Every structure is written in structure tokens, then in C-alpha cells.
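Text of the file entry.csv, holding CSV, C-alpha atoms:
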chain,number,residue,atom,x,y,z
A,1294,MET,CA,0.9,-20.0,18.2
A,1295,GLU,CA,1.5,-23.6,19.2
A,1296,GLU,CA,1.5,-24.7,15.6
A,1297,LEU,CA,4.0,-22.0,14.7
A,1298,LEU,CA,6.3,-23.0,17.6
A,1299,ARG,CA,6.3,-26.6,16.4
A,1300,LEU,CA,7.1,-25.5,12.9
A,1301,TYR,CA,10.1,-23.5,14.1
A,1302,GLU,CA,11.3,-26.4,16.3
A,1303,ASP,CA,11.0,-28.8,13.4
A,1304,TRP,CA,12.8,-26.5,11.0
A,1305,ARG,CA,15.5,-25.3,13.4
A,1306,GLY,CA,15.9,-28.5,15.4
A,1307,CYS,CA,15.4,-26.7,18.8
A,1308,ALA,CA,13.1,-24.3,20.5
A,1309,PRO,CA,13.6,-20.5,20.0
A,1310,GLN,CA,15.7,-18.7,22.6
A,1311,SER,CA,13.1,-16.0,22.8
A,1312,VAL,CA,9.9,-14.9,21.1
A,1313,GLU,CA,8.5,-11.4,20.5
A,1314,GLN,CA,5.1,-10.7,19.2
A,1315,LEU,CA,5.2,-7.8,16.8
A,1316,PRO,CA,2.6,-5.0,16.7
A,1317,GLY,CA,-0.4,-5.6,14.5
A,1318,ALA,CA,-1.3,-3.4,11.5
A,1319,GLY,CA,-4.3,-3.5,9.3
A,1320,SER,CA,-4.5,-7.3,8.7
A,1321,ASN,CA,-5.7,-10.3,10.6
A,1322,ARG,CA,-2.3,-12.0,10.5
A,1323,THR,CA,-0.2,-12.2,13.6
A,1324,TYR,CA,3.6,-11.8,13.5
A,1325,TYR,CA,6.3,-13.0,15.8
A,1326,ARG,CA,10.1,-12.6,15.9
A,1327,PHE,CA,11.9,-15.8,16.9
A,1328,TRP,CA,15.5,-15.5,18.2
A,1329,ASP,CA,18.0,-18.4,18.4
A,1330,ALA,CA,20.9,-18.8,20.7
A,1331,GLU,CA,23.3,-17.3,18.1
A,1332,GLY,CA,21.3,-14.1,17.9
A,1333,ASP,CA,19.8,-14.8,14.5
A,1334,SER,CA,16.1,-14.2,13.9
A,1335,LEU,CA,13.2,-15.3,11.8
A,1336,ILE,CA,9.7,-13.9,11.4
A,1337,GLY,CA,6.8,-16.3,12.1
A,1338,VAL,CA,3.4,-15.6,10.6
A,1339,VAL,CA,0.0,-17.0,11.7
A,1340,GLY,CA,-2.7,-16.3,9.1
A,1341,THR,CA,-6.5,-16.8,9.2
A,1342,SER,CA,-6.9,-17.4,5.4
A,1343,ARG,CA,-5.2,-20.4,3.8
A,1344,GLU,CA,-5.8,-18.9,0.4
A,1345,GLU,CA,-4.1,-15.6,1.3
A,1346,ASN,CA,-1.1,-17.5,2.8
A,1347,GLU,CA,-0.8,-19.6,-0.3
A,1348,ALA,CA,-0.7,-16.5,-2.4
A,1349,PHE,CA,2.1,-15.0,-0.3
A,1350,ILE,CA,4.1,-18.3,-0.3
A,1351,TYR,CA,3.8,-18.6,-4.1
A,1352,LEU,CA,4.8,-15.0,-4.7
A,1353,ALA,CA,7.7,-15.1,-2.3
A,1354,GLY,CA,9.1,-18.2,-4.1
A,1355,HIS,CA,8.6,-16.5,-7.5
A,1356,PHE,CA,10.2,-13.3,-6.5
A,1357,GLY,CA,13.1,-15.2,-4.9
A,1358,GLN,CA,13.8,-16.9,-8.2
A,1359,LYS,CA,13.8,-13.4,-9.8
A,1360,ARG,CA,16.3,-12.2,-7.1
A,1361,LEU,CA,14.0,-9.3,-6.2
A,1362,PRO,CA,14.4,-7.7,-2.7
A,1363,MET,CA,11.7,-9.6,-0.9
A,1364,PRO,CA,11.7,-11.9,2.2
A,1365,ARG,CA,12.1,-15.7,1.6
A,1366,VAL,CA,9.7,-18.2,3.0
A,1367,VAL,CA,11.8,-21.0,4.6
A,1368,ALA,CA,9.2,-23.3,6.2
A,1369,VAL,CA,5.4,-23.8,5.9
A,1370,SER,CA,3.1,-25.8,8.3
A,1371,THR,CA,1.1,-28.7,7.0
A,1372,SER,CA,-2.1,-26.7,7.6
A,1373,ARG,CA,-0.7,-23.9,5.4
A,1374,LEU,CA,-1.8,-21.4,8.1
A,1375,CYS,CA,1.7,-20.7,9.5
A,1376,TYR,CA,5.0,-20.0,7.9
A,1377,LEU,CA,8.5,-18.7,8.6
A,1378,GLN,CA,10.2,-16.0,6.6
A,1379,THR,CA,13.5,-14.3,6.7
A,1380,ASP,CA,13.7,-11.3,9.0
A,1381,LEU,CA,14.3,-7.8,7.4
A,1382,GLY,CA,14.7,-6.1,10.7
A,1383,HIS,CA,12.8,-3.4,12.6
A,1384,ARG,CA,13.3,-0.3,10.4
A,1385,SER,CA,10.6,0.5,7.8
A,1386,LEU,CA,10.7,3.3,5.4
A,1387,PHE,CA,8.1,5.0,7.6
A,1388,ASP,CA,10.5,4.9,10.5
A,1389,ALA,CA,13.4,6.1,8.3
A,1390,LEU,CA,11.4,9.1,7.2
A,1391,SER,CA,10.4,10.1,10.7
A,1392,GLU,CA,12.6,13.2,11.1
A,1393,GLY,CA,11.4,14.8,7.9
A,1394,ARG,CA,7.8,13.7,8.5
A,1395,GLU,CA,7.8,15.4,11.8
A,1396,LYS,CA,9.0,18.5,10.1
A,1397,GLY,CA,6.0,18.5,7.9
A,1398,GLY,CA,7.7,16.9,4.9
A,1399,ARG,CA,11.0,18.8,4.9
A,1400,TYR,CA,13.1,15.7,4.2
A,1401,ALA,CA,16.9,15.6,4.5
A,1402,PRO,CA,19.0,14.5,1.5
A,1403,GLU,CA,19.4,11.0,2.9
A,1404,GLU,CA,15.6,10.6,3.3
A,1405,LYS,CA,15.0,11.8,-0.2
A,1406,GLU,CA,17.5,9.3,-1.5
A,1407,LEU,CA,15.6,6.4,0.2
A,1408,LEU,CA,12.4,7.6,-1.6
A,1409,ARG,CA,14.3,7.7,-4.9
A,1410,ARG,CA,15.7,4.2,-4.3
A,1411,THR,CA,12.2,2.9,-3.6
A,1412,ILE,CA,10.9,4.5,-6.8
A,1413,ALA,CA,13.9,3.2,-8.8
A,1414,GLU,CA,13.1,-0.4,-7.7
A,1415,LEU,CA,9.4,-0.3,-8.5
A,1416,PRO,CA,9.6,-0.8,-12.3
A,1417,ARG,CA,11.8,-3.9,-11.7
A,1418,ILE,CA,9.2,-5.3,-9.3
A,1419,GLN,CA,6.4,-4.5,-11.8
A,1420,PHE,CA,8.1,-5.9,-14.9
A,1421,VAL,CA,10.6,-8.6,-13.8
A,1422,GLY,CA,8.1,-9.7,-11.1
A,1423,ALA,CA,5.5,-10.2,-13.7
A,1424,GLU,CA,7.7,-12.4,-15.9
A,1425,GLY,CA,6.4,-16.0,-15.7
A,1426,LEU,CA,4.1,-15.2,-12.8
A,1427,ASP,CA,0.9,-17.2,-12.7
A,1428,PHE,CA,-1.6,-14.5,-11.8
A,1429,GLY,CA,-4.3,-17.1,-11.3
A,1430,ARG,CA,-2.6,-17.8,-8.0
A,1431,CYS,CA,-3.0,-14.3,-6.7
A,1432,TYR,CA,-5.5,-13.5,-3.9
A,1433,PRO,CA,-8.3,-12.5,-3.8
A,1434,MET,CA,-8.3,-11.9,-7.5
A,1435,ALA,CA,-6.0,-12.2,-10.4
A,1436,SER,CA,-6.1,-8.7,-11.8
A,1437,MET,CA,-7.3,-5.1,-11.2
A,1438,ASP,CA,-10.3,-5.3,-13.5
A,1439,ARG,CA,-13.7,-3.5,-13.5
A,1440,THR,CA,-14.9,-5.6,-10.6
A,1441,ALA,CA,-11.9,-4.9,-8.5
A,1442,VAL,CA,-12.2,-1.1,-9.1
A,1443,PHE,CA,-15.8,-1.2,-8.0
A,1444,PHE,CA,-14.9,-3.1,-4.9
A,1445,ASP,CA,-12.5,-0.3,-3.9
A,1446,LEU,CA,-15.0,2.4,-4.7
A,1447,ASN,CA,-17.7,0.6,-2.6
A,1448,TYR,CA,-15.2,0.1,0.1
A,1449,PHE,CA,-14.9,3.9,0.3
A,1450,LYS,CA,-18.6,4.4,0.1
A,1451,TYR,CA,-19.7,1.9,2.8
A,1452,CYS,CA,-16.6,1.8,5.1
A,1453,PHE,CA,-15.8,5.5,5.1
A,1454,LEU,CA,-18.8,7.6,4.0
A,1455,LYS,CA,-21.4,5.5,5.7
A,1456,LEU,CA,-19.4,5.0,8.9
A,1457,ALA,CA,-18.5,8.7,9.0
A,1458,GLY,CA,-22.1,9.8,8.5
A,1459,VAL,CA,-21.4,11.7,5.3
A,1460,GLU,CA,-24.5,12.0,3.0
A,1461,ALA,CA,-24.0,12.0,-0.7
A,1462,ASP,CA,-26.4,11.7,-3.6
A,1463,GLU,CA,-26.4,8.0,-4.4
A,1464,GLU,CA,-27.1,8.3,-8.1
A,1465,ARG,CA,-24.6,11.0,-8.8
A,1466,LEU,CA,-22.0,9.2,-6.7
A,1467,GLU,CA,-22.6,6.0,-8.8
A,1468,ASN,CA,-22.3,8.0,-12.0
A,1469,ASP,CA,-18.9,9.3,-10.8
A,1470,PHE,CA,-17.8,5.7,-10.0
A,1471,ASP,CA,-18.9,4.6,-13.5
A,1472,ARG,CA,-16.8,7.3,-15.1
A,1473,LEU,CA,-13.8,6.7,-13.0
A,1474,THR,CA,-13.9,2.9,-13.5
A,1475,ALA,CA,-14.2,3.3,-17.3
A,1476,LYS,CA,-11.1,5.6,-17.3
A,1477,LEU,CA,-9.0,3.2,-15.2
A,1478,VAL,CA,-9.8,0.0,-17.2
A,1479,MET,CA,-8.7,1.7,-20.4
A,1480,ALA,CA,-5.1,1.8,-18.9
A,1481,GLY,CA,-4.8,-2.0,-19.2
A,1482,ALA,CA,-3.0,-4.3,-16.8
A,1483,ASP,CA,0.7,-4.5,-17.8
A,1484,GLY,CA,2.6,-5.6,-14.8
A,1485,PHE,CA,2.7,-6.9,-11.2
A,1486,MET,CA,0.7,-4.5,-9.0
A,1487,PHE,CA,2.0,-4.7,-5.4
A,1488,ARG,CA,-1.4,-3.2,-4.3
A,1489,ASP,CA,-0.3,-1.9,-0.9
A,1490,PHE,CA,3.0,-0.2,-1.9
A,1491,GLN,CA,3.3,2.1,1.1
A,1492,SER,CA,6.0,3.1,3.7
A,1493,ARG,CA,5.2,0.6,6.3
A,1494,ASN,CA,5.6,-2.3,3.8
A,1495,ILE,CA,9.1,-1.2,2.8
A,1496,MET,CA,12.0,-2.1,5.0
A,1497,VAL,CA,15.4,-0.4,5.1
A,1498,VAL,CA,18.4,-2.6,5.7
A,1499,ASP,CA,21.9,-1.0,5.4
A,1500,ASN,CA,20.3,1.8,3.3
A,1501,GLU,CA,18.9,-0.7,0.8
A,1502,VAL,CA,15.1,-1.1,0.4
A,1503,TYR,CA,13.2,-4.4,0.7
A,1504,PHE,CA,9.5,-5.1,0.2
A,1505,ILE,CA,7.0,-7.1,2.4
A,1506,ASP,CA,3.3,-7.7,2.7
A,1507,TYR,CA,2.5,-8.2,-1.0
A,1508,GLN,CA,0.0,-11.0,-0.6
A,1509,GLY,CA,-2.7,-8.9,-2.1
A,1510,GLY,CA,-0.7,-8.3,-5.3
A,1511,ARG,CA,-2.2,-9.0,-8.7
A,1512,GLN,CA,-1.9,-8.1,-12.4
A,1513,GLY,CA,-2.6,-4.4,-12.8
A,1514,ALA,CA,-1.7,-1.0,-14.2
A,1515,LEU,CA,1.6,0.5,-13.2
A,1516,HIS,CA,0.1,3.8,-12.0
A,1517,TYR,CA,-1.5,2.4,-8.8
A,1518,ASP,CA,1.7,1.5,-6.9
A,1519,VAL,CA,3.3,4.9,-7.7
A,1520,ALA,CA,0.2,6.6,-6.4
A,1521,SER,CA,0.2,4.4,-3.3
A,1522,LEU,CA,3.7,5.5,-2.3
A,1523,LEU,CA,3.6,9.2,-3.3
A,1524,TYR,CA,0.2,9.9,-1.8
A,1525,ASP,CA,0.6,7.8,1.4
A,1526,ALA,CA,-1.3,10.1,3.8
A,1527,ILE,CA,1.0,9.4,6.7
A,1528,VAL,CA,4.3,10.2,4.9
A,1529,LYS,CA,3.4,13.8,4.0
A,1530,ILE,CA,5.4,14.2,0.9
A,1531,PRO,CA,5.2,17.9,-0.4
A,1532,GLU,CA,3.4,18.3,-3.7
A,1533,SER,CA,6.6,19.6,-5.4
A,1534,GLN,CA,8.5,16.5,-4.3
A,1535,LYS,CA,5.7,14.2,-5.4
A,1536,GLU,CA,6.1,15.6,-8.9
A,1537,GLU,CA,9.9,15.3,-8.8
A,1538,LEU,CA,9.6,11.6,-7.8
A,1539,LEU,CA,6.9,11.0,-10.4
A,1540,ASP,CA,9.2,12.5,-13.1
A,1541,PHE,CA,12.0,10.3,-11.8
A,1542,TYR,CA,9.8,7.2,-12.0
A,1543,ILE,CA,8.7,8.0,-15.5
A,1544,ARG,CA,12.3,8.4,-16.6
A,1545,GLU,CA,13.1,5.0,-15.0
A,1546,LEU,CA,10.1,3.6,-16.8
A,1547,THR,CA,11.1,5.0,-20.1
A,1548,GLU,CA,14.2,2.9,-20.1
A,1549,SER,CA,12.2,-0.3,-20.0
A,1550,GLU,CA,8.9,0.6,-21.5
A,1551,PRO,CA,9.3,3.8,-23.7
A,1552,GLY,CA,5.8,3.6,-25.3
A,1553,TYR,CA,4.0,3.2,-22.0
A,1554,ALA,CA,5.7,6.1,-20.3
A,1555,GLU,CA,4.5,8.6,-22.8
A,1556,LYS,CA,0.9,8.2,-21.8
A,1557,PHE,CA,1.5,7.7,-18.1
A,1558,ARG,CA,0.7,11.1,-16.8
A,1559,GLU,CA,-2.6,11.6,-18.6
A,1560,ILE,CA,-4.3,8.9,-16.5
A,1561,TYR,CA,-2.1,8.9,-13.4
A,1562,TYR,CA,-4.2,11.2,-11.2
A,1563,HIS,CA,-7.3,9.0,-11.8
A,1564,PHE,CA,-5.4,6.1,-10.2
A,1565,VAL,CA,-4.3,8.4,-7.4
A,1566,LEU,CA,-7.9,9.1,-6.7
A,1567,VAL,CA,-9.0,5.5,-6.6
A,1568,ARG,CA,-6.1,4.6,-4.4
A,1569,LEU,CA,-6.9,7.3,-1.9
A,1570,LEU,CA,-10.6,6.5,-1.9
A,1571,GLN,CA,-9.6,2.8,-1.1
A,1572,ALA,CA,-7.3,4.1,1.7
A,1573,MET,CA,-10.2,6.1,3.1
A,1574,GLY,CA,-12.2,2.9,3.3
A,1575,ALA,CA,-9.4,1.3,5.3
A,1576,PHE,CA,-9.3,4.4,7.6
A,1577,GLY,CA,-13.0,4.1,8.2
A,1578,LEU,CA,-13.0,0.3,8.8
A,1579,ARG,CA,-9.9,0.1,10.9
A,1580,GLY,CA,-10.2,3.5,12.5
A,1581,LEU,CA,-13.8,4.5,12.9
A,1582,HIS,CA,-15.1,1.0,13.3
A,1583,GLU,CA,-12.2,-0.9,15.0
A,1584,GLY,CA,-10.8,2.2,16.9
A,1585,LYS,CA,-7.1,1.8,15.7
A,1586,SER,CA,-5.5,5.1,16.4
A,1587,HIS,CA,-3.1,5.5,13.5
A,1588,PHE,CA,-5.9,4.9,11.1
A,1589,ILE,CA,-8.0,7.6,12.8
A,1590,ASP,CA,-5.0,9.9,12.6
A,1591,SER,CA,-4.8,9.3,8.9
A,1592,ILE,CA,-8.3,10.5,8.1
A,1593,VAL,CA,-7.6,14.3,7.8
A,1594,PRO,CA,-4.3,13.9,5.8
A,1595,GLY,CA,-6.1,11.4,3.6
A,1596,LEU,CA,-8.9,13.9,2.9
A,1597,GLN,CA,-6.4,16.7,2.3
A,1598,GLY,CA,-4.6,14.5,-0.2
A,1599,ILE,CA,-7.8,13.9,-2.2
A,1600,SER,CA,-8.7,17.6,-2.1
A,1601,THR,CA,-5.5,18.5,-3.9
A,1602,LEU,CA,-6.4,16.3,-6.8
A,1603,PHE,CA,-9.3,18.5,-7.7
A,1604,GLU,CA,-7.0,21.5,-8.3
A,1605,PRO,CA,-6.6,22.7,-11.9
A,1606,GLY,CA,-4.4,20.5,-14.0
A,1607,LYS,CA,-5.2,17.3,-12.2
A,1608,LEU,CA,-8.9,16.2,-12.0
A,1609,GLU,CA,-10.6,19.6,-11.6
A,1610,GLY,CA,-14.4,19.0,-11.8
A,1611,GLU,CA,-14.4,15.5,-13.3
A,1612,TYR,CA,-16.1,13.7,-10.4
A,1613,PRO,CA,-18.3,16.4,-8.7
A,1614,GLU,CA,-20.1,14.1,-6.2
A,1615,ILE,CA,-16.9,12.5,-5.0
A,1616,GLN,CA,-15.5,16.0,-4.6
A,1617,TYR,CA,-18.6,17.1,-2.7
A,1618,ALA,CA,-18.5,14.1,-0.3
A,1619,ILE,CA,-14.8,14.7,0.4
A,1620,ARG,CA,-15.5,18.4,1.2
A,1621,VAL,CA,-18.3,17.5,3.6
A,1622,ALA,CA,-16.1,14.8,5.3
A,1623,PHE,CA,-13.3,17.3,5.6
A,1624,GLU,CA,-15.5,19.9,7.2
A,1625,LYS,CA,-16.8,17.2,9.6
A,1626,TYR,CA,-13.4,15.9,10.7
A,1627,PHE,CA,-11.0,18.7,10.4
A,1628,VAL,CA,-12.3,20.9,13.2
A,1629,PRO,CA,-12.9,18.1,15.8
A,1630,LEU,CA,-9.5,16.5,15.2
A,1631,HIS,CA,-7.6,19.8,15.1
A,1632,PRO,CA,-9.5,22.3,17.2
A,1633,GLU,CA,-6.6,24.8,17.2
A,1634,SER,CA,-7.3,25.2,13.4
A,1635,LYS,CA,-10.7,26.8,13.8
A,1636,GLU,CA,-9.4,30.2,12.8

Entire entry expressed as C-alpha cells:
Amino acid sequence: MEELLRLYEDWRGCAPQSVEQLPGAGSNRTYYRFWDAEGDSLIGVVGTSREENEAFIYLAGHFGQKRLPMPRVVAVSTSRLCYLQTDLGHRSLFDALSEGREKGGRYAPEEKELLRRTIAELPRIQFVGAEGLDFGRCYPMASMDRTAVFFDLNYFKYCFLKLAGVEADEERLENDFDRLTAKLVMAGADGFMFRDFQSRNIMVVDNEVYFIDYQGGRQGALHYDVASLLYDAIVKIPESQKEELLDFYIRELTESEPGYAEKFREIYYHFVLVRLLQAMGAFGLRGLHEGKSHFIDSIVPGLQGISTLFEPGKLEGEYPEIQYAIRVAFEKYFVPLHPESKE
């Protein structure tokens, strides 16, 4: 914190009028809001990984040149562990959708419009953001390749299944992982993949959407970010609306990449699956292991989201051991977390 304060004073020419530490999320970075005497604010960030910070600083500069709706980094410490970025306010898309979310996903027209605006911006981030970008400077890896897919699948296996005490046949599970990985790598890596494209990383300012926390971004397939948003366990988008928003995204995509959009749907749900499995790993690590409540609260919705993928017309019986493990986990967690649902 002392280094961050010195950075602010060097950049601003005086000490901040007030400092507010912001609530932590799923990372090891610490965030502060600095206010000056005129009422203007900046966000100060203290990271634990110089490489991760370097990736964010580079990406922020690149996206700024492309005029994409991202925060700008205005000052960086000599250690590269602290930096200052523009403040996009307090209101995330998660907050903006609170009323409809509390109604079980019955979103008002203005809430649906925010989701559409977010989806409409995504192809621009994916394609314009990729233009001239040096993916070798991404962290912790340059692209979503076979190794990265296996990392996500093992994250699910060791940080959710093992921590949750869910037994699965190791050989059959690995066979499912092999088939899923082979399917995903066939899609190629055609754009910038935001990686954690979810409602808490999208800010709403004057009804326009802006994007933060993309330091884990890399080159990847376009499907992953769409899946991350539409199947965000805590947002509770109804299945019919997920399909409407997916159709809208594909129409937007068709305008810039006609050939790609035609084959989008046939592999999309496989990306939904790997994204949701990765999210379950996070729920296990941050929730079951570290005890963070909103990750624990996401376990049952996350399992429900995965269960819907095995309905006819999506994945059906393609990954039987994954489906079995999810069913066992659901039975284990649904009743204890929601005792009123026993009947």
C-alpha cells in the first residue's frame, strides 16, 4: 500500500483526499479507490505477480489505441507491482441486473438491453482487439491450446471434484477430457479471448458497458467468451433468453466474419461445458477451500447449468463420466444447501 500511495502522490502531485479499499473477488490483487480534493477518483491496484501486471498494462495500452471500452493505465510503479487506472465507477453489470436476477431471471426491457449491448460489443473486442496484438505478452499463456484446455479440466477435477468428495472413474473421466479437448482445439483460435467475460467484470456507466479484469486474456476461439457471459451461474439467464442472445451474437458475428458464424453453433455447447467446468474449479477453490461465500452460493447454480447441457440437442450423452460426476455432485450439494427443496 505504501508503494501505491507514493505512486499516486508522484503522479498527482499531492496525497489523496481519501482512500477506500474495494472488496476482493477471486484474485490475489488488492484494489483501492483514491479520491482527490475535486472529487475525481482513480483505481489503485497492488498485484502479487509482476508478469500478470505486465500483461494487463500491455493489454490496456493496446486496447486504448484501438479505442475499445476498457480502463486506461495512467501510472505504473518502478517495481511493476502497482499501477493506477481510470475509474469506471461502482456499478457492474451484475449490479445492474439485480432486480431481474432476484426475480429468477425475469429481466426488465432495460436489463435485457444491457445484455444485448454487452453481446454487441464482444465481436469488436475479439476482432479489433486482436489486430496487431502481441499474444506472446499474454499471461500465463499466449493461446487457448490443448495444454490450456487440459489445465481447465484438471482444475475442475482437483479443485472441485476432489475437494467436494465426488468419486468418478479416473480412466473414463480422462477419456471424456480427451474427447472434449480434441473437439475444442479443432475450432482454432481466431480472436482475442477475454477469458473471464462475466457480469462482475463488466461495468455500466451511463448505460454504456465497459470491460475490466482481462489480464488473463489470450488468443482463442470466439465461443468461450459468449459461453462465459450467457452461462454465468450467478446471473440466472433463462434458457430461452440465452438462445435469443446467442442468435443475436451470431448475427453480429456474421457481419464481420460470415464464414465463421455458419459453424459456430455446432461446437458452441462444448465450449460452454469447458467454461462451466473451469468455473466449478473456481467455486471449489475459492468457496470450498477458501470459504468465500459467493463462490459457495454459485455451486448449485453452476451444477444446474452443466446439467442442462446434457439435454437432447446439446451434448446429450457425449461425455458420460462428466455427466455422472455432475449428477453425483448435484445430489450431494442440492439438498444441504436448499433443504426446503427435499420434496

Within 8 Å of Phe1387 in chain A using all atoms listed in the file, minus same-chain residues under 4 positions, as a PyMOL selection string
chain A and resi 1391+1492-1493+1495+1528

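Computed from the coordinates, the CA of Gly1340 in chain A to CA of Tyr1376 in chain A distance equals 8.6 Å.
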
Contacts of Met1434 in chain A within 10 Å, only C-alpha atoms, excl. fewer than 5 positions in-chain, as a list in words
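Close residues of Met1434 in chain A: Phe1428, Gly1429, Thr1440, Ala1441, Gly1509, Gly1510, Arg1511 and Gln1512 of chain A.
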
Please, could you write that set of residues out with C-alpha atoms as an mmCIF file, keeping the file's coordinate frame?
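Once everything was written out, this is part-v2.cif:
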data_model
loop_
_atom_site.group_PDB
_atom_site.id
_atom_site.type_symbol
_atom_site.label_atom_id
_atom_site.label_comp_id
_atom_site.auth_asym_id
_atom_site.auth_seq_id
_atom_site.Cartn_x
_atom_site.Cartn_y
_atom_site.Cartn_z
ATOM 1 C CA PHE A 1428 -1.600 -14.500 -11.800
ATOM 2 C CA GLY A 1429 -4.300 -17.100 -11.300
ATOM 3 C CA THR A 1440 -14.900 -5.600 -10.600
ATOM 4 C CA ALA A 1441 -11.900 -4.900 -8.500
ATOM 5 C CA GLY A 1509 -2.700 -8.900 -2.100
ATOM 6 C CA GLY A 1510 -0.700 -8.300 -5.300
ATOM 7 C CA ARG A 1511 -2.200 -9.000 -8.700
ATOM 8 C CA GLN A 1512 -1.900 -8.100 -12.400
#

Given the choices A:Glu1624, A:Asp1303, A:Glu1501, A:Asp1380, which gets closest to Tyr1324 in chain A if the distance is worked out from all atoms listed in the file?
A:Asp1380

Under the rule that all atoms listed in the file are counted, which of A:Ile1530, A:Leu1570, A:Cys1431, A:Leu1298 is the nearest residue to Ala1618 in chain A?
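When distances to Ala1618 in chain A are compared using all atoms listed in the file, the smallest one comes from A:Leu1570.
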
Where does range 1393-1462 of chain A meet range 1359-1370 of chain A within 12 Å, residue by residue, with the nearest atom pair and distance in Å to one decimal for each, counting only C-alpha atoms, listed by chain and rising number, as JSON lines?
{"residue": "A:Thr1411", "atom": "CA", "partner": "A:Pro1362", "partner_atom": "CA", "distance": 10.9}
{"residue": "A:Glu1414", "atom": "CA", "partner": "A:Pro1362", "partner_atom": "CA", "distance": 8.9}
{"residue": "A:Leu1415", "atom": "CA", "partner": "A:Leu1361", "partner_atom": "CA", "distance": 10.4}
{"residue": "A:Pro1416", "atom": "CA", "partner": "A:Leu1361", "partner_atom": "CA", "distance": 11.3}
{"residue": "A:Arg1417", "atom": "CA", "partner": "A:Leu1361", "partner_atom": "CA", "distance": 8.0}
{"residue": "A:Ile1418", "atom": "CA", "partner": "A:Leu1361", "partner_atom": "CA", "distance": 7.0}
{"residue": "A:Gln1419", "atom": "CA", "partner": "A:Leu1361", "partner_atom": "CA", "distance": 10.6}
{"residue": "A:Phe1420", "atom": "CA", "partner": "A:Lys1359", "partner_atom": "CA", "distance": 10.7}
{"residue": "A:Val1421", "atom": "CA", "partner": "A:Lys1359", "partner_atom": "CA", "distance": 7.0}
{"residue": "A:Gly1422", "atom": "CA", "partner": "A:Lys1359", "partner_atom": "CA", "distance": 6.9}
{"residue": "A:Ala1423", "atom": "CA", "partner": "A:Lys1359", "partner_atom": "CA", "distance": 9.7}
{"residue": "A:Glu1424", "atom": "CA", "partner": "A:Lys1359", "partner_atom": "CA", "distance": 8.7}
{"residue": "A:Gly1425", "atom": "CA", "partner": "A:Lys1359", "partner_atom": "CA", "distance": 9.8}
{"residue": "A:Leu1426", "atom": "CA", "partner": "A:Lys1359", "partner_atom": "CA", "distance": 10.3}

Would you put the residues from that selection into a file with C-alpha atoms, as a CSV table (one decimal), in the coordinates of the input?
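Final file, again16.csv:
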chain,number,residue,atom,x,y,z
A,1411,THR,CA,12.2,2.9,-3.6
A,1414,GLU,CA,13.1,-0.4,-7.7
A,1415,LEU,CA,9.4,-0.3,-8.5
A,1416,PRO,CA,9.6,-0.8,-12.3
A,1417,ARG,CA,11.8,-3.9,-11.7
A,1418,ILE,CA,9.2,-5.3,-9.3
A,1419,GLN,CA,6.4,-4.5,-11.8
A,1420,PHE,CA,8.1,-5.9,-14.9
A,1421,VAL,CA,10.6,-8.6,-13.8
A,1422,GLY,CA,8.1,-9.7,-11.1
A,1423,ALA,CA,5.5,-10.2,-13.7
A,1424,GLU,CA,7.7,-12.4,-15.9
A,1425,GLY,CA,6.4,-16.0,-15.7
A,1426,LEU,CA,4.1,-15.2,-12.8

Straight-line distance linking CA of Leu1352 in chain A with CA of Leu1374 in chain A, stated in Å to one decimal
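Separating CA of Leu1352 in chain A from CA of Leu1374 in chain A is a distance of 15.8 Å.
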
Using only C-alpha atoms, which residues sit within 12 Å of His1587 in chain A once same-chain residues fewer than 6 positions away are excluded, as a CSV table (one decimal) with C-alpha atoms, in the frame of the given file?
chain,number,residue,atom,x,y,z
A,1317,GLY,CA,-0.4,-5.6,14.5
A,1318,ALA,CA,-1.3,-3.4,11.5
A,1319,GLY,CA,-4.3,-3.5,9.3
A,1526,ALA,CA,-1.3,10.1,3.8
A,1527,ILE,CA,1.0,9.4,6.7
A,1575,ALA,CA,-9.4,1.3,5.3
A,1576,PHE,CA,-9.3,4.4,7.6
A,1577,GLY,CA,-13.0,4.1,8.2
A,1579,ARG,CA,-9.9,0.1,10.9
A,1580,GLY,CA,-10.2,3.5,12.5
A,1581,LEU,CA,-13.8,4.5,12.9
A,1593,VAL,CA,-7.6,14.3,7.8
A,1594,PRO,CA,-4.3,13.9,5.8
A,1595,GLY,CA,-6.1,11.4,3.6

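Residues in contact with Gln1310 in chain A at 12 Å, where only C-alpha atoms are counted and same-chain residues fewer than 2 positions away are skipped, are listed as Leu1298, Tyr1301, Glu1302, Arg1305, Cys1307, Ala1308, Val1312, Glu1313, Arg1326, Phe1327, Trp1328, Asp1329, Ala1330, Glu1331, Gly1332, Asp1333, Ser1334 and Leu1335 of chain A.
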
Taking C-alpha atoms for each residue, export the selection above as an mmCIF file, in the frame of the given file.
data_model
loop_
_atom_site.group_PDB
_atom_site.id
_atom_site.type_symbol
_atom_site.label_atom_id
_atom_site.label_comp_id
_atom_site.auth_asym_id
_atom_site.auth_seq_id
_atom_site.Cartn_x
_atom_site.Cartn_y
_atom_site.Cartn_z
ATOM 1 C CA LEU A 1298 6.300 -23.000 17.600
ATOM 2 C CA TYR A 1301 10.100 -23.500 14.100
ATOM 3 C CA GLU A 1302 11.300 -26.400 16.300
ATOM 4 C CA ARG A 1305 15.500 -25.300 13.400
ATOM 5 C CA CYS A 1307 15.400 -26.700 18.800
ATOM 6 C CA ALA A 1308 13.100 -24.300 20.500
ATOM 7 C CA VAL A 1312 9.900 -14.900 21.100
ATOM 8 C CA GLU A 1313 8.500 -11.400 20.500
ATOM 9 C CA ARG A 1326 10.100 -12.600 15.900
ATOM 10 C CA PHE A 1327 11.900 -15.800 16.900
ATOM 11 C CA TRP A 1328 15.500 -15.500 18.200
ATOM 12 C CA ASP A 1329 18.000 -18.400 18.400
ATOM 13 C CA ALA A 1330 20.900 -18.800 20.700
ATOM 14 C CA GLU A 1331 23.300 -17.300 18.100
ATOM 15 C CA GLY A 1332 21.300 -14.100 17.900
ATOM 16 C CA ASP A 1333 19.800 -14.800 14.500
ATOM 17 C CA SER A 1334 16.100 -14.200 13.900
ATOM 18 C CA LEU A 1335 13.200 -15.300 11.800
#

Considering all atoms listed in the file, state which residue in the set A:Ile1543, A:Ala1480, A:Leu1538, A:Leu1297 is at the smallest distance from Ile1560 in chain A.
A:Ala1480

Excluding Lys1535 in chain A and any residue of its chain fewer than 3 positions from it, enumerate the residues within 12 Å of it, using only C-alpha atoms, and give them as a ChimeraX atom specification.
/A:1398,1405,1408-1409,1412,1519-1525,1528-1532,1538-1542,1562,1565,1598

Would you please work out which residue, of A:Glu1345, A:Asp1499, A:Glu1536, A:Glu1460, is nearest to Tyr1561 in chain A when using only C-alpha atoms?
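Looking at the shortest contact to Tyr1561 in chain A, the residue is A:Glu1536.
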
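In this structure, CA of Leu1377 in chain A sits 9.4 Å away from CA of Tyr1325 in chain A.
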